[in-house]
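> The structure follows.
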Amino acid sequence: MPTSFKEKLKIYFSSVWFLWALCLIFNIITFLFIYFKIHPGNKTLALHYNVLVGVEWYGKGKNLYFIPAVGFAISLVNFILYKALKDGNDFLPPLTVFVSLAAQLILLTAALSLAAVN
């Protein structure tokens, strides 16, 4: 039975696979949301919206798929860092998964706000 706080944290954060799965699920939700709700095609859509200015960038709707692509790239790079740092450090590997999860949530929020504009 773990006695020190450091051992308890190591056991808790060693099972972060469900967070990686959650990152992948949020990425799939973002992709499907863009596909089914916004219906991007070759028509011109708002790609970037600012509260102060309004729509800043217009472009082809297919460019909206860069949102989940960037999220997947961030998660992939962080997963590679997680695997490389897993054995040597106690703090950095769980940090990579939390950064990936935060990025996925931010990108999902961006897709939701773009759906309101388009």
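By order in the structure tokens, chains are A, B, ...; within a chain, residues start at 1; ligands start at 1, following the order shown.
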Per DSSP on the backbone, what are the strand (DSSP E) residues of chain A, as a count of residues only?

14

> Pick out the closest residue to A:Gly59 from this set: A:Lys6, A:Ser75, A:Asn42, A:Ile25. Count only C-alpha atoms.

A:Asn42

> Please identify all polymer residues within 12 Å of A:His39, counting only C-alpha atoms, omitting same-chain residues fewer than 5 positions from it, and present them as number ranges by chain.

A: 31-34, 44-45, 60-65, 114-115, 118

> Export, as a PDB file, in the first residue's frame, the selected residues with N, CA, C and O atoms.


```pdb
ATOM      1  N   PHE A  31     -14.948  16.718 -35.167  1.00  0.00           N
ATOM      2  CA  PHE A  31     -15.034  16.429 -36.596  1.00  0.00           C
ATOM      3  C   PHE A  31     -16.480  16.177 -37.020  1.00  0.00           C
ATOM      4  O   PHE A  31     -16.956  16.739 -38.020  1.00  0.00           O
ATOM      5  N   LEU A  32     -17.185  15.348 -36.270  1.00  0.00           N
ATOM      6  CA  LEU A  32     -18.559  15.035 -36.634  1.00  0.00           C
ATOM      7  C   LEU A  32     -19.477  16.247 -36.487  1.00  0.00           C
ATOM      8  O   LEU A  32     -20.421  16.412 -37.268  1.00  0.00           O
ATOM      9  N   PHE A  33     -19.213  17.085 -35.508  1.00  0.00           N
ATOM     10  CA  PHE A  33     -20.009  18.296 -35.347  1.00  0.00           C
ATOM     11  C   PHE A  33     -19.843  19.212 -36.556  1.00  0.00           C
ATOM     12  O   PHE A  33     -20.822  19.751 -37.074  1.00  0.00           O
ATOM     13  N   ILE A  34     -18.610  19.393 -37.000  1.00  0.00           N
ATOM     14  CA  ILE A  34     -18.376  20.219 -38.182  1.00  0.00           C
ATOM     15  C   ILE A  34     -19.029  19.592 -39.404  1.00  0.00           C
ATOM     16  O   ILE A  34     -19.656  20.280 -40.208  1.00  0.00           O
ATOM     17  N   THR A  44     -18.501  29.599 -49.275  1.00  0.00           N
ATOM     18  CA  THR A  44     -17.721  30.484 -48.414  1.00  0.00           C
ATOM     19  C   THR A  44     -18.373  30.557 -47.037  1.00  0.00           C
ATOM     20  O   THR A  44     -19.560  30.851 -46.912  1.00  0.00           O
ATOM     21  N   LEU A  45     -17.559  30.301 -46.020  1.00  0.00           N
ATOM     22  CA  LEU A  45     -18.026  30.332 -44.631  1.00  0.00           C
ATOM     23  C   LEU A  45     -17.074  31.160 -43.788  1.00  0.00           C
ATOM     24  O   LEU A  45     -15.950  31.450 -44.195  1.00  0.00           O
ATOM     25  N   LYS A  60     -13.138  28.827 -47.825  1.00  0.00           N
ATOM     26  CA  LYS A  60     -13.897  27.628 -48.182  1.00  0.00           C
ATOM     27  C   LYS A  60     -14.242  26.857 -46.919  1.00  0.00           C
ATOM     28  O   LYS A  60     -13.454  26.768 -45.982  1.00  0.00           O
ATOM     29  N   GLY A  61     -15.412  26.276 -46.920  1.00  0.00           N
ATOM     30  CA  GLY A  61     -15.882  25.549 -45.748  1.00  0.00           C
ATOM     31  C   GLY A  61     -15.036  24.343 -45.405  1.00  0.00           C
ATOM     32  O   GLY A  61     -14.949  23.940 -44.250  1.00  0.00           O
ATOM     33  N   LYS A  62     -14.380  23.767 -46.415  1.00  0.00           N
ATOM     34  CA  LYS A  62     -13.533  22.603 -46.149  1.00  0.00           C
ATOM     35  C   LYS A  62     -12.344  22.947 -45.264  1.00  0.00           C
ATOM     36  O   LYS A  62     -11.760  22.067 -44.642  1.00  0.00           O
ATOM     37  N   ASN A  63     -12.013  24.229 -45.183  1.00  0.00           N
ATOM     38  CA  ASN A  63     -10.918  24.631 -44.306  1.00  0.00           C
ATOM     39  C   ASN A  63     -11.282  24.498 -42.824  1.00  0.00           C
ATOM     40  O   ASN A  63     -10.402  24.544 -41.971  1.00  0.00           O
ATOM     41  N   LEU A  64     -12.550  24.347 -42.517  1.00  0.00           N
ATOM     42  CA  LEU A  64     -12.954  24.131 -41.127  1.00  0.00           C
ATOM     43  C   LEU A  64     -12.453  22.798 -40.582  1.00  0.00           C
ATOM     44  O   LEU A  64     -12.367  22.610 -39.374  1.00  0.00           O
ATOM     45  N   TYR A  65     -12.124  21.888 -41.477  1.00  0.00           N
ATOM     46  CA  TYR A  65     -11.606  20.598 -41.027  1.00  0.00           C
ATOM     47  C   TYR A  65     -10.192  20.713 -40.462  1.00  0.00           C
ATOM     48  O   TYR A  65      -9.677  19.759 -39.890  1.00  0.00           O
ATOM     49  N   LEU A 114     -18.236  28.742 -34.053  1.00  0.00           N
ATOM     50  CA  LEU A 114     -18.319  28.939 -35.496  1.00  0.00           C
ATOM     51  C   LEU A 114     -19.644  28.430 -36.062  1.00  0.00           C
ATOM     52  O   LEU A 114     -20.148  28.959 -37.049  1.00  0.00           O
ATOM     53  N   ALA A 115     -20.212  27.428 -35.425  1.00  0.00           N
ATOM     54  CA  ALA A 115     -21.515  26.947 -35.872  1.00  0.00           C
ATOM     55  C   ALA A 115     -22.582  28.003 -35.620  1.00  0.00           C
ATOM     56  O   ALA A 115     -23.539  28.124 -36.403  1.00  0.00           O
ATOM     57  N   ASN A 118     -22.026  30.603 -38.520  1.00  0.00           N
ATOM     58  CA  ASN A 118     -22.353  30.115 -39.856  1.00  0.00           C
ATOM     59  C   ASN A 118     -23.779  29.624 -39.860  1.00  0.00           C
ATOM     60  O   ASN A 118     -24.366  29.260 -40.760  1.00  0.00           O
TER      61      ASN A 118
END
```

> Just to confirm, what's the straight-line distance from atom CA of A:Tyr35 to atom CA of A:Leu19 in Å (one decimal)?

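Interatomic distance here is 24.2 Å.
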
> Using only C-alpha atoms, which of A:Ile29, A:Ile38, A:Ala84, A:Val77 sits nearest A:Ser100?

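With only C-alpha atoms as the atom set, the closest residue is A:Val77.
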
> Mind checking which residues fall within 12 Å of A:Val117, counting only C-alpha atoms, ignoring those fewer than 5 positions away in the same chain, and posting them as a PyMOL selection string?

chain A and resi 37-38+45-51+54-58+110-112

> Output N, CA and C atoms for every residue in the selection just made, as a compact mmCIF listing (two decimals), in the first residue's frame.


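Below is the file selection-v1.txt, written as the result:
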```
# COMPACT_ATOMS: atom_id res chain seq x y z
N LYS A 37 -23.26 19.54 -38.57
CA LYS A 37 -23.97 20.77 -38.21
C LYS A 37 -23.63 21.95 -39.12
N ILE A 38 -22.38 22.08 -39.51
CA ILE A 38 -21.99 23.23 -40.32
C ILE A 38 -22.10 22.90 -41.81
N LEU A 45 -17.56 30.30 -46.02
CA LEU A 45 -18.03 30.33 -44.63
C LEU A 45 -17.07 31.16 -43.79
N ALA A 46 -17.53 31.54 -42.62
CA ALA A 46 -16.67 32.24 -41.66
C ALA A 46 -15.70 31.23 -41.04
N LEU A 47 -14.42 31.55 -41.11
CA LEU A 47 -13.40 30.67 -40.54
C LEU A 47 -12.88 31.16 -39.20
N HIS A 48 -13.00 32.45 -38.95
CA HIS A 48 -12.53 33.00 -37.68
C HIS A 48 -13.48 34.12 -37.28
N TYR A 49 -13.90 34.07 -36.03
CA TYR A 49 -14.84 35.06 -35.50
C TYR A 49 -14.23 35.69 -34.27
N ASN A 50 -14.34 37.00 -34.19
CA ASN A 50 -13.87 37.75 -33.04
C ASN A 50 -15.05 38.53 -32.48
N VAL A 51 -15.18 38.57 -31.18
CA VAL A 51 -16.32 39.24 -30.56
C VAL A 51 -16.29 40.74 -30.84
N GLY A 54 -16.09 40.89 -35.23
CA GLY A 54 -17.03 40.05 -35.98
C GLY A 54 -16.23 39.01 -36.76
N VAL A 55 -16.72 38.70 -37.93
CA VAL A 55 -16.03 37.69 -38.75
C VAL A 55 -14.79 38.33 -39.35
N GLU A 56 -13.63 37.70 -39.12
CA GLU A 56 -12.38 38.23 -39.63
C GLU A 56 -11.92 37.50 -40.89
N TRP A 57 -12.10 36.19 -40.92
CA TRP A 57 -11.62 35.40 -42.05
C TRP A 57 -12.78 34.66 -42.69
N TYR A 58 -12.86 34.78 -43.99
CA TYR A 58 -13.78 33.97 -44.77
C TYR A 58 -12.96 33.03 -45.61
N ALA A 110 -14.37 26.25 -30.07
CA ALA A 110 -14.23 27.08 -31.28
C ALA A 110 -15.17 26.60 -32.37
N ALA A 111 -15.29 25.30 -32.53
CA ALA A 111 -16.22 24.77 -33.54
C ALA A 111 -17.67 25.10 -33.19
N LEU A 112 -18.00 25.03 -31.91
CA LEU A 112 -19.36 25.38 -31.49
C LEU A 112 -19.67 26.85 -31.76
```

> Could you pull out the residues in chain A that DSSP calls alpha helix (DSSP H) from the backbone, as a VMD selection string?

chain A and resid 5 to 14 17 to 33 66 to 85 92 to 117

> Take atom CA of A:Leu101 and atom CA of A:Cys23 and report the distance between them in Å, one decimal.

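Going from atom CA of A:Leu101 over to atom CA of A:Cys23, I get 5.3 Å.
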
> Mind checking which residues fall within 8 Å of stretch 66-68 of chain A, counting only C-alpha atoms, ignoring those fewer than 4 positions away in the same chain, and posting them as a list of chain:residue names?

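Using only C-alpha atoms, the neighbours found are A:Asn27, A:Ile28, A:Thr30, A:Phe31, A:Phe72, A:Leu107, A:Ala111.
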
> Using only C-alpha atoms, please write the residues we just selected to a file, as a compact mmCIF listing (two decimals), in the first residue's frame.


```
# COMPACT_ATOMS: atom_id res chain seq x y z
CA ASN A 27 -11.56 15.09 -31.53
CA ILE A 28 -14.08 12.77 -33.20
CA THR A 30 -15.43 18.00 -33.16
CA PHE A 31 -15.03 16.43 -36.60
CA PHE A 72 -5.22 15.54 -33.59
CA LEU A 107 -11.03 23.49 -30.28
CA ALA A 111 -16.22 24.77 -33.54
```

> Could you state the separation of atom CA of A:Trp20 and atom CA of A:Gln104 in Å, given to one decimal place?

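One can read the atom CA of A:Trp20 to atom CA of A:Gln104 distance as 10.8 Å.
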